[in-house]
Amino acid sequence: MRGHPLSTDVQMRNCGVLCDLAIDAECRPKIASLGGLQLVLECMRAQPLATELQHAGCAVLWNLTVNPEIKVKVASLGGIDVVLEAMRTHPKSVHVQHKGCGALWNLSANPDNRVKIATLFGIGVILKAMRGHPTAVKVQQQGCGALQNLSINYDNKVKIGSLGGIDVILDAMRAHLAVVEVQHRGCGALWGLALNVDNQASITSRGGVEVLLDTMRHHLSVPEVQSHACAALSNLAINPDNRVKMVALGGVPVVVEAMRLHPLVVDVQRFGCGALYNLAMLAENVKKITAAGGGEAVRDAMRAHPSVMEVQHWGRGALHGLESAESVS
């Protein structure tokens, strides 16, 4: 790579070799320590119009950035800029968009990188990729994954919402209902976004509750989908109007069924308890929660997970809401 910096074929072949090597966890730090990371970034900067080379370079970066230390190093070397520039320059290449979103997904697992990606207008780049390739499952999957990580940051929640990201995520989930990873990551992104008050209303007004319930019904046996969807519903149910809508759409039996099917999965139990806790704050919901077996599901969760703080806290809160409303009635 050093001897032929302007040979596209040489650079592509070598990036392909590095990409394969970087699948191995032990090889990733070796590649980085021997200067391989710098070489990949240099060749991408030197030939920005070479679509296949940009695709190959993004693929190497995606594999390398599984490693936490390399996530930091890529950012320090300006690698986030390089990935974003590749995606901006080649918007019609599904391969560049796929691998670029994958690299950004890995990079955004680092808190500092979440800020940097947003500062470099990376959220808009991801959304453009998803809008531009709505039928490309891998672009939608990696894009939702990147947005999930980015939405952990509070300012990014606002930014994603203001740029129309909620519609993009919901469109991806509607278009690819059968694809577990799109649903899993889409639910995760909505979970993060729904901690923002404005986003709570926006997600619901755009049919987000229906989308979450549809995916839970469609993927009953997938605990990751059930837990992330329950988490999103729990956050959405902080909003009083959303509590009414969720129950009207049949959300309570869906949450209770998830808890019954996955009794040993902590995240399903804690977020299921969280959703029922918030829903039980509205007195008119209590009869439907009780009729669906919500109280029993919460008690079972608390017995099965006595040392899990959130299960105990939200479980007690849900039971208190159910018992208080019943005593008044």
# chains A, B, ... in the order shown; residues from 1 in each chain; ligands from 1

call {"tool": "residues_around", "arguments": {"residues": "segment 234-240 of chain A", "least_positions_apart": "3", "cutoff": "9 Å", "atoms": "only C-alpha atoms", "output": "MDAnalysis selection string"}}
result
chainID A and resid 191:197 199:201 203:204 209 229:231 243:244 246 271:279 281:282

call {"tool": "residues_around", "arguments": {"residues": "Val286 of chain A", "least_positions_apart": "4", "cutoff": "10 Å", "atoms": "only C-alpha atoms", "output": "VMD selection string"}}
result
chain A and resid 247 276 279 to 282 290 to 292 294 to 295 318 321 to 326

call {"tool": "closest_residue", "arguments": {"among": "A:Gly16, A:Gly122, A:Pro29, A:Pro223", "to": "Cys101 of chain A", "atoms": "only C-alpha atoms"}}
result
A:Gly122

call {"tool": "atom_distance", "arguments": {"atom1": "atom CA of Met309 of chain A", "atom2": "atom CA of Leu264 of chain A"}}
result
15.1 Å

call {"tool": "atom_distance", "arguments": {"atom1": "atom CA of Gln226 of chain A", "atom2": "atom CA of Leu319 of chain A"}}
result
21.5 Å

call {"tool": "select_by_dssp", "arguments": {"residues": "segment 82-116 of chain A", "states": "alpha helix (DSSP H)", "output": "JSON, numbers by chain"}}
result
{"A": [82, 83, 84, 85, 86, 87, 88, 89, 94, 95, 96, 97, 98, 99, 100, 101, 102, 103, 104, 105, 106, 107, 111, 112, 113, 114, 115, 116]}

call {"tool": "atom_distance", "arguments": {"atom1": "atom CA of Ile169 of chain A", "atom2": "atom CA of Gly186 of chain A"}}
result
6.0 Å

call {"tool": "residues_around", "arguments": {"residues": "Leu37 of chain A", "least_positions_apart": "3", "cutoff": "8 Å", "atoms": "only C-alpha atoms", "output": "number ranges by chain"}}
result
A: 31-32, 40-41, 61, 74

call {"tool": "closest_atom_pairs", "arguments": {"of": "segment 89-111 of chain A", "to": "segment 148-167 of chain A", "cutoff": "10 Å", "atoms": "only C-alpha atoms", "output": "JSON lines"}}
result
{"residue": "A:Leu104", "atom": "CA", "partner": "A:Asn149", "partner_atom": "CA", "distance": 9.4}
{"residue": "A:Trp105", "atom": "CA", "partner": "A:Asn149", "partner_atom": "CA", "distance": 6.9}
{"residue": "A:Asn106", "atom": "CA", "partner": "A:Asn149", "partner_atom": "CA", "distance": 8.6}
{"residue": "A:Leu107", "atom": "CA", "partner": "A:Asn149", "partner_atom": "CA", "distance": 9.1}
{"residue": "A:Ser108", "atom": "CA", "partner": "A:Asn149", "partner_atom": "CA", "distance": 5.7}
{"residue": "A:Ala109", "atom": "CA", "partner": "A:Asn149", "partner_atom": "CA", "distance": 5.8}
{"residue": "A:Asn110", "atom": "CA", "partner": "A:Asn149", "partner_atom": "CA", "distance": 8.6}
{"residue": "A:Pro111", "atom": "CA", "partner": "A:Asn153", "partner_atom": "CA", "distance": 7.7}

call {"tool": "write_last_selection", "arguments": {"atoms": "N, CA and C atoms", "output": "PDB file, in the first residue's frame"}}
result
ATOM      1  N   LEU A 104     -19.913   3.887  11.222  1.00  0.00           N
ATOM      2  CA  LEU A 104     -20.440   4.906  12.137  1.00  0.00           C
ATOM      3  C   LEU A 104     -21.183   4.273  13.312  1.00  0.00           C
ATOM      4  N   TRP A 105     -21.829   3.146  13.065  1.00  0.00           N
ATOM      5  CA  TRP A 105     -22.492   2.418  14.147  1.00  0.00           C
ATOM      6  C   TRP A 105     -21.464   2.009  15.204  1.00  0.00           C
ATOM      7  N   ASN A 106     -20.366   1.396  14.747  1.00  0.00           N
ATOM      8  CA  ASN A 106     -19.333   0.996  15.699  1.00  0.00           C
ATOM      9  C   ASN A 106     -18.694   2.202  16.389  1.00  0.00           C
ATOM     10  N   LEU A 107     -18.369   3.213  15.608  1.00  0.00           N
ATOM     11  CA  LEU A 107     -17.708   4.399  16.168  1.00  0.00           C
ATOM     12  C   LEU A 107     -18.583   5.095  17.199  1.00  0.00           C
ATOM     13  N   SER A 108     -19.890   5.103  16.972  1.00  0.00           N
ATOM     14  CA  SER A 108     -20.795   5.833  17.859  1.00  0.00           C
ATOM     15  C   SER A 108     -21.068   5.109  19.170  1.00  0.00           C
ATOM     16  N   ALA A 109     -20.470   3.936  19.351  1.00  0.00           N
ATOM     17  CA  ALA A 109     -20.546   3.285  20.662  1.00  0.00           C
ATOM     18  C   ALA A 109     -19.688   4.021  21.688  1.00  0.00           C
ATOM     19  N   ASN A 110     -18.787   4.884  21.210  1.00  0.00           N
ATOM     20  CA  ASN A 110     -17.937   5.700  22.078  1.00  0.00           C
ATOM     21  C   ASN A 110     -18.624   7.047  22.343  1.00  0.00           C
ATOM     22  N   PRO A 111     -18.754   7.462  23.600  1.00  0.00           N
ATOM     23  CA  PRO A 111     -19.472   8.712  23.912  1.00  0.00           C
ATOM     24  C   PRO A 111     -18.909   9.950  23.222  1.00  0.00           C
TER      25      PRO A 111
END

call {"tool": "residues_around", "arguments": {"residues": "Val72 of chain A", "least_positions_apart": "2", "cutoff": "10 Å", "atoms": "only C-alpha atoms", "output": "PyMOL selection string"}}
result
chain A and resi 65+67-70+74-77+79+107+110-113

call {"tool": "closest_residue", "arguments": {"among": "A:Lys116, A:Arg131, A:Arg185, A:His305", "to": "Gly78 of chain A", "atoms": "only C-alpha atoms"}}
result
A:Lys116

call {"tool": "closest_residue", "arguments": {"among": "A:Leu190, A:Val252, A:Ala258, A:Ala297", "to": "Asn285 of chain A", "atoms": "only C-alpha atoms"}}
result
A:Val252

call {"tool": "decode", "arguments": {"residues": "segment 156-170 of chain A", "atoms": "all heavy atoms", "output": "mmCIF file, in the first residue's frame"}}
result
data_model
loop_
_atom_site.group_PDB
_atom_site.id
_atom_site.type_symbol
_atom_site.label_atom_id
_atom_site.label_comp_id
_atom_site.auth_asym_id
_atom_site.auth_seq_id
_atom_site.Cartn_x
_atom_site.Cartn_y
_atom_site.Cartn_z
ATOM 1 N N ASN A 156 -28.268 14.796 20.777
ATOM 2 C CA ASN A 156 -28.526 14.054 19.540
ATOM 3 C C ASN A 156 -29.982 13.615 19.425
ATOM 4 O O ASN A 156 -30.511 13.500 18.312
ATOM 5 C CB ASN A 156 -27.609 12.831 19.449
ATOM 6 C CG ASN A 156 -26.166 13.202 19.161
ATOM 7 O OD1 ASN A 156 -25.852 14.341 18.842
ATOM 8 N ND2 ASN A 156 -25.276 12.229 19.285
ATOM 9 N N LYS A 157 -30.617 13.344 20.562
ATOM 10 C CA LYS A 157 -32.049 13.018 20.519
ATOM 11 C C LYS A 157 -32.819 14.147 19.851
ATOM 12 O O LYS A 157 -33.699 13.916 19.011
ATOM 13 C CB LYS A 157 -32.600 12.824 21.936
ATOM 14 C CG LYS A 157 -32.023 11.712 22.767
ATOM 15 C CD LYS A 157 -32.700 11.660 24.128
ATOM 16 C CE LYS A 157 -31.871 10.936 25.181
ATOM 17 N NZ LYS A 157 -31.619 9.543 24.892
ATOM 18 N N VAL A 158 -32.486 15.368 20.251
ATOM 19 C CA VAL A 158 -33.161 16.548 19.693
ATOM 20 C C VAL A 158 -32.846 16.678 18.209
ATOM 21 O O VAL A 158 -33.729 16.927 17.373
ATOM 22 C CB VAL A 158 -32.732 17.814 20.451
ATOM 23 C CG1 VAL A 158 -33.379 19.053 19.845
ATOM 24 C CG2 VAL A 158 -33.096 17.699 21.932
ATOM 25 N N LYS A 159 -31.564 16.494 17.864
ATOM 26 C CA LYS A 159 -31.122 16.667 16.477
ATOM 27 C C LYS A 159 -31.779 15.638 15.558
ATOM 28 O O LYS A 159 -32.256 15.974 14.459
ATOM 29 C CB LYS A 159 -29.598 16.532 16.414
ATOM 30 C CG LYS A 159 -28.983 16.875 15.073
ATOM 31 C CD LYS A 159 -28.944 18.367 14.864
ATOM 32 C CE LYS A 159 -28.161 18.763 13.641
ATOM 33 N NZ LYS A 159 -28.206 20.204 13.372
ATOM 34 N N ILE A 160 -31.786 14.394 15.976
ATOM 35 C CA ILE A 160 -32.386 13.345 15.153
ATOM 36 C C ILE A 160 -33.868 13.638 14.920
ATOM 37 O O ILE A 160 -34.378 13.516 13.801
ATOM 38 C CB ILE A 160 -32.199 11.960 15.813
ATOM 39 C CG1 ILE A 160 -30.719 11.569 15.805
ATOM 40 C CG2 ILE A 160 -33.027 10.889 15.080
ATOM 41 C CD1 ILE A 160 -30.390 10.373 16.685
ATOM 42 N N GLY A 161 -34.551 14.069 15.985
ATOM 43 C CA GLY A 161 -35.954 14.409 15.837
ATOM 44 C C GLY A 161 -36.182 15.576 14.901
ATOM 45 O O GLY A 161 -37.071 15.547 14.045
ATOM 46 N N SER A 162 -35.347 16.609 15.018
ATOM 47 C CA SER A 162 -35.527 17.816 14.197
ATOM 48 C C SER A 162 -35.206 17.569 12.725
ATOM 49 O O SER A 162 -35.716 18.277 11.852
ATOM 50 C CB SER A 162 -34.651 18.951 14.738
ATOM 51 O OG SER A 162 -33.273 18.691 14.515
ATOM 52 N N LEU A 163 -34.368 16.571 12.443
ATOM 53 C CA LEU A 163 -33.987 16.262 11.053
ATOM 54 C C LEU A 163 -34.910 15.239 10.392
ATOM 55 O O LEU A 163 -34.637 14.773 9.294
ATOM 56 C CB LEU A 163 -32.545 15.757 11.011
ATOM 57 C CG LEU A 163 -31.452 16.787 11.307
ATOM 58 C CD1 LEU A 163 -30.091 16.112 11.383
ATOM 59 C CD2 LEU A 163 -31.432 17.895 10.259
ATOM 60 N N GLY A 164 -35.987 14.887 11.071
ATOM 61 C CA GLY A 164 -36.922 13.922 10.500
ATOM 62 C C GLY A 164 -36.528 12.479 10.692
ATOM 63 O O GLY A 164 -37.031 11.589 9.998
ATOM 64 N N GLY A 165 -35.655 12.232 11.660
ATOM 65 C CA GLY A 165 -35.161 10.880 11.875
ATOM 66 C C GLY A 165 -36.211 9.899 12.354
ATOM 67 O O GLY A 165 -36.121 8.696 12.072
ATOM 68 N N ILE A 166 -37.221 10.399 13.061
ATOM 69 C CA ILE A 166 -38.270 9.494 13.549
ATOM 70 C C ILE A 166 -39.008 8.864 12.379
ATOM 71 O O ILE A 166 -39.249 7.653 12.351
ATOM 72 C CB ILE A 166 -39.228 10.262 14.481
ATOM 73 C CG1 ILE A 166 -38.500 10.627 15.782
ATOM 74 C CG2 ILE A 166 -40.482 9.433 14.779
ATOM 75 C CD1 ILE A 166 -39.243 11.609 16.665
ATOM 76 N N ASP A 167 -39.365 9.673 11.391
ATOM 77 C CA ASP A 167 -40.031 9.135 10.200
ATOM 78 C C ASP A 167 -39.156 8.117 9.483
ATOM 79 O O ASP A 167 -39.641 7.091 8.997
ATOM 80 C CB ASP A 167 -40.386 10.266 9.231
ATOM 81 C CG ASP A 167 -41.617 11.032 9.663
ATOM 82 O OD1 ASP A 167 -42.574 10.403 10.145
ATOM 83 O OD2 ASP A 167 -41.626 12.267 9.529
ATOM 84 N N VAL A 168 -37.864 8.400 9.391
ATOM 85 C CA VAL A 168 -36.939 7.497 8.688
ATOM 86 C C VAL A 168 -36.885 6.141 9.390
ATOM 87 O O VAL A 168 -36.938 5.084 8.748
ATOM 88 C CB VAL A 168 -35.533 8.120 8.593
ATOM 89 C CG1 VAL A 168 -34.532 7.119 8.027
ATOM 90 C CG2 VAL A 168 -35.569 9.370 7.722
ATOM 91 N N ILE A 169 -36.801 6.160 10.706
ATOM 92 C CA ILE A 169 -36.751 4.908 11.478
ATOM 93 C C ILE A 169 -38.057 4.138 11.334
ATOM 94 O O ILE A 169 -38.062 2.917 11.088
ATOM 95 C CB ILE A 169 -36.459 5.205 12.961
ATOM 96 C CG1 ILE A 169 -35.052 5.784 13.120
ATOM 97 C CG2 ILE A 169 -36.621 3.938 13.811
ATOM 98 C CD1 ILE A 169 -34.827 6.478 14.451
ATOM 99 N N LEU A 170 -39.175 4.828 11.479
ATOM 100 C CA LEU A 170 -40.469 4.154 11.360
ATOM 101 C C LEU A 170 -40.693 3.598 9.959
ATOM 102 O O LEU A 170 -41.234 2.499 9.797
ATOM 103 C CB LEU A 170 -41.596 5.121 11.742
ATOM 104 C CG LEU A 170 -41.626 5.552 13.213
ATOM 105 C CD1 LEU A 170 -42.721 6.594 13.437
ATOM 106 C CD2 LEU A 170 -41.840 4.360 14.143
#
